[in-house]
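Encoded as structure tokens, the structure appears first; notes follow it.
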Amino acid sequence: MYKKIAAVTDEKAADDVYEEIEDRYGDLPAPVRNLIDIAIIRAYAEALNICEIAAKGNNLVMTFEEGRRIDLSAVSEMMNKYKGKLLFSAGSKPYMTYRGYSIARLNEVKNLMKDFVTSAKDNVTPAKEK
């Protein structure tokens, strides 16, 4: 089952895994839902050239791969949508900071990443092409 969770690349695949686990074992406990959400977030991050996601205090820091293209118009759109919660730093290792993160708000992070992929849809690399 862990292999199926790790292979999740989008919401549809996640829904399939949710259904299979519920059919076999009943209601999903929160830690299992979190694990599936993290798999979705990982897939979105890969498509956006984000190489690291780390919780630092109440912030979630998403670091972009060095030397890879960043869709700055999508970053700008996301900063406008998530006013005050999302910051971007364009240094030698560009990163975004999502403020006010906690594991209880994992669904928010998943939605943020989904919105970002949608905003950058012309500039994302599907996970299988990397």
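Chain identifiers are assigned as A, B, and so on, following the order in which chains appear in the structure tokens; residues are numbered from 1 within each chain, and ligands are numbered from 1 in order of appearance.
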Ala74 in chain A surroundings by only C-alpha atoms, 9 Å radius, close-in-sequence under 2 positions cut, as a PDB file with N, CA and C atoms, in the first residue's frame:
ATOM      1  N   ILE A  70      11.868  29.362 -13.135  1.00  0.00           N
ATOM      2  CA  ILE A  70      10.780  29.648 -12.204  1.00  0.00           C
ATOM      3  C   ILE A  70       9.803  30.562 -12.923  1.00  0.00           C
ATOM      4  N   ASP A  71       8.555  30.210 -12.920  1.00  0.00           N
ATOM      5  CA  ASP A  71       7.520  31.022 -13.558  1.00  0.00           C
ATOM      6  C   ASP A  71       7.181  32.180 -12.624  1.00  0.00           C
ATOM      7  N   LEU A  72       7.837  33.311 -12.839  1.00  0.00           N
ATOM      8  CA  LEU A  72       7.658  34.467 -11.951  1.00  0.00           C
ATOM      9  C   LEU A  72       6.259  35.061 -12.026  1.00  0.00           C
ATOM     10  N   SER A  76       4.020  35.588  -8.766  1.00  0.00           N
ATOM     11  CA  SER A  76       3.333  36.845  -8.484  1.00  0.00           C
ATOM     12  C   SER A  76       1.835  36.627  -8.267  1.00  0.00           C
ATOM     13  N   GLU A  77       1.232  35.809  -9.126  1.00  0.00           N
ATOM     14  CA  GLU A  77      -0.195  35.501  -8.994  1.00  0.00           C
ATOM     15  C   GLU A  77      -0.487  34.830  -7.644  1.00  0.00           C
ATOM     16  N   MET A  78       0.395  33.908  -7.245  1.00  0.00           N
ATOM     17  CA  MET A  78       0.207  33.217  -5.973  1.00  0.00           C
ATOM     18  C   MET A  78       0.380  34.164  -4.784  1.00  0.00           C
ATOM     19  N   MET A  79       1.342  35.059  -4.870  1.00  0.00           N
ATOM     20  CA  MET A  79       1.548  36.024  -3.786  1.00  0.00           C
ATOM     21  C   MET A  79       0.337  36.935  -3.640  1.00  0.00           C
ATOM     22  N   PHE A 116      -0.744  26.753  -7.514  1.00  0.00           N
ATOM     23  CA  PHE A 116       0.507  27.162  -8.131  1.00  0.00           C
ATOM     24  C   PHE A 116       0.736  26.382  -9.429  1.00  0.00           C
ATOM     25  N   VAL A 117       0.484  25.080  -9.413  1.00  0.00           N
ATOM     26  CA  VAL A 117       0.620  24.277 -10.624  1.00  0.00           C
ATOM     27  C   VAL A 117      -0.342  24.783 -11.701  1.00  0.00           C
ATOM     28  N   THR A 118      -1.566  25.108 -11.291  1.00  0.00           N
ATOM     29  CA  THR A 118      -2.552  25.622 -12.242  1.00  0.00           C
ATOM     30  C   THR A 118      -2.096  26.955 -12.829  1.00  0.00           C
ATOM     31  N   SER A 119      -1.553  27.844 -11.993  1.00  0.00           N
ATOM     32  CA  SER A 119      -1.073  29.149 -12.459  1.00  0.00           C
ATOM     33  C   SER A 119       0.110  29.016 -13.407  1.00  0.00           C
ATOM     34  N   ALA A 120       0.945  28.028 -13.157  1.00  0.00           N
ATOM     35  CA  ALA A 120       2.161  27.848 -13.955  1.00  0.00           C
ATOM     36  C   ALA A 120       2.006  26.740 -14.990  1.00  0.00           C
ATOM     37  N   LYS A 121       0.771  26.421 -15.345  1.00  0.00           N
ATOM     38  CA  LYS A 121       0.487  25.230 -16.166  1.00  0.00           C
ATOM     39  C   LYS A 121       1.306  25.134 -17.443  1.00  0.00           C
TER      40      LYS A 121
END
If you run DSSP on the backbone, which residues of chain A are strand (DSSP E), as an MDAnalysis selection string? chainID A and resid 50:56 59:64 86:89 95:99
Selection near range 57-67 of chain A, 8 Å with only C-alpha atoms, sequence-local residues under 2 positions removed, as an MDAnalysis selection string: chainID A and resid 48:55 69:70 92:102
By how many Å are CA of Tyr44 in chain A and CA of Lys114 in chain A apart?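 CA of Lys114 in chain A lies 6.7 Å from CA of Tyr44 in chain A.
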Atom pair CA of Tyr25 in chain A / CA of Asp37 in chain A: separation (Å):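 CA of Asp37 in chain A lies 18.4 Å from CA of Tyr25 in chain A.
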Test item: residues at most 9 Å from range 3-17 of chain A, only C-alpha atoms, excluding those fewer than 5 positions along its chain, as a list in words: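 Contacts, in chain order: Glu22, Leu35, Ile36, Asp37, Ala39, Ile40, Ile41, Arg42, Ala43, Tyr44 and Ala127 of chain A.
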Long-range neighbours of Pro31 in chain A as a list in words, 12 Å cut-off, only C-alpha atoms, 6 positions minimum in chain: Asp37, Ile38, Ile103, Ala104 and Leu106 of chain A
For the residues in the current selection, export all heavy atoms as a PDB file, in the first residue's frame.
ATOM      1  N   ASP A  37      -1.798  13.163   1.313  1.00  0.00           N
ATOM      2  CA  ASP A  37      -1.678  14.587   0.977  1.00  0.00           C
ATOM      3  C   ASP A  37      -0.222  14.970   0.724  1.00  0.00           C
ATOM      4  O   ASP A  37       0.079  15.734  -0.193  1.00  0.00           O
ATOM      5  CB  ASP A  37      -2.266  15.465   2.084  1.00  0.00           C
ATOM      6  CG  ASP A  37      -3.781  15.460   2.098  1.00  0.00           C
ATOM      7  OD1 ASP A  37      -4.398  14.987   1.109  1.00  0.00           O
ATOM      8  OD2 ASP A  37      -4.361  15.931   3.096  1.00  0.00           O
ATOM      9  N   ILE A  38       0.680  14.435   1.521  1.00  0.00           N
ATOM     10  CA  ILE A  38       2.106  14.723   1.337  1.00  0.00           C
ATOM     11  C   ILE A  38       2.588  14.170  -0.009  1.00  0.00           C
ATOM     12  O   ILE A  38       3.385  14.809  -0.700  1.00  0.00           O
ATOM     13  CB  ILE A  38       2.936  14.182   2.516  1.00  0.00           C
ATOM     14  CG1 ILE A  38       2.658  15.040   3.758  1.00  0.00           C
ATOM     15  CG2 ILE A  38       4.426  14.153   2.186  1.00  0.00           C
ATOM     16  CD1 ILE A  38       3.180  14.472   5.053  1.00  0.00           C
ATOM     17  N   ILE A 103       0.913  21.101  10.696  1.00  0.00           N
ATOM     18  CA  ILE A 103       0.466  19.855  10.064  1.00  0.00           C
ATOM     19  C   ILE A 103      -1.058  19.811   9.991  1.00  0.00           C
ATOM     20  O   ILE A 103      -1.620  19.221   9.083  1.00  0.00           O
ATOM     21  CB  ILE A 103       1.045  18.607  10.783  1.00  0.00           C
ATOM     22  CG1 ILE A 103       0.854  17.346   9.938  1.00  0.00           C
ATOM     23  CG2 ILE A 103       0.435  18.428  12.152  1.00  0.00           C
ATOM     24  CD1 ILE A 103       1.690  17.266   8.720  1.00  0.00           C
ATOM     25  N   ALA A 104      -1.732  20.482  10.906  1.00  0.00           N
ATOM     26  CA  ALA A 104      -3.198  20.528  10.887  1.00  0.00           C
ATOM     27  C   ALA A 104      -3.712  21.282   9.660  1.00  0.00           C
ATOM     28  O   ALA A 104      -4.869  21.147   9.284  1.00  0.00           O
ATOM     29  CB  ALA A 104      -3.720  21.169  12.167  1.00  0.00           C
ATOM     30  N   LEU A 106      -2.351  21.027   6.579  1.00  0.00           N
ATOM     31  CA  LEU A 106      -1.741  20.378   5.421  1.00  0.00           C
ATOM     32  C   LEU A 106      -2.610  20.517   4.177  1.00  0.00           C
ATOM     33  O   LEU A 106      -2.101  20.703   3.073  1.00  0.00           O
ATOM     34  CB  LEU A 106      -1.487  18.904   5.735  1.00  0.00           C
ATOM     35  CG  LEU A 106      -0.575  18.145   4.792  1.00  0.00           C
ATOM     36  CD1 LEU A 106       0.797  18.805   4.708  1.00  0.00           C
ATOM     37  CD2 LEU A 106      -0.438  16.711   5.256  1.00  0.00           C
TER      38      LEU A 106
END
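CA of Val109 in chain A to CA of Ala90 in chain A spans 20.7 Å [interatomic distance, one decimal].
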Could you please write out, as JSON, numbers by chain, every residue of range 54-111 of chain A that DSSP assigns to alpha helix (DSSP H)? {"A": [72, 73, 74, 75, 76, 77, 78, 79, 80, 81, 106, 107, 108, 109, 110, 111]}
Dump of C-alpha atoms for the selected residues, as a short mmCIF file (atom, residue, chain, number, x, y, z; two decimals), in the first residue's frame:
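Everything below was put into again-v8.cif:
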data_model
loop_
_atom_site.label_atom_id
_atom_site.label_comp_id
_atom_site.auth_asym_id
_atom_site.auth_seq_id
_atom_site.Cartn_x
_atom_site.Cartn_y
_atom_site.Cartn_z
CA LEU A 72 7.66 34.47 -11.95
CA SER A 73 4.22 35.43 -13.25
CA ALA A 74 2.78 32.39 -11.44
CA VAL A 75 4.76 33.32 -8.29
CA SER A 76 3.33 36.84 -8.48
CA GLU A 77 -0.19 35.50 -8.99
CA MET A 78 0.21 33.22 -5.97
CA MET A 79 1.55 36.02 -3.79
CA ASN A 80 -1.50 38.13 -4.70
CA LYS A 81 -3.88 35.27 -3.98
CA LEU A 106 -1.74 20.38 5.42
CA ASN A 107 -4.82 20.61 3.20
CA GLU A 108 -4.16 24.36 2.81
CA VAL A 109 -0.64 23.61 1.60
CA LYS A 110 -1.98 21.02 -0.84
CA ASN A 111 -4.43 23.60 -2.22
#
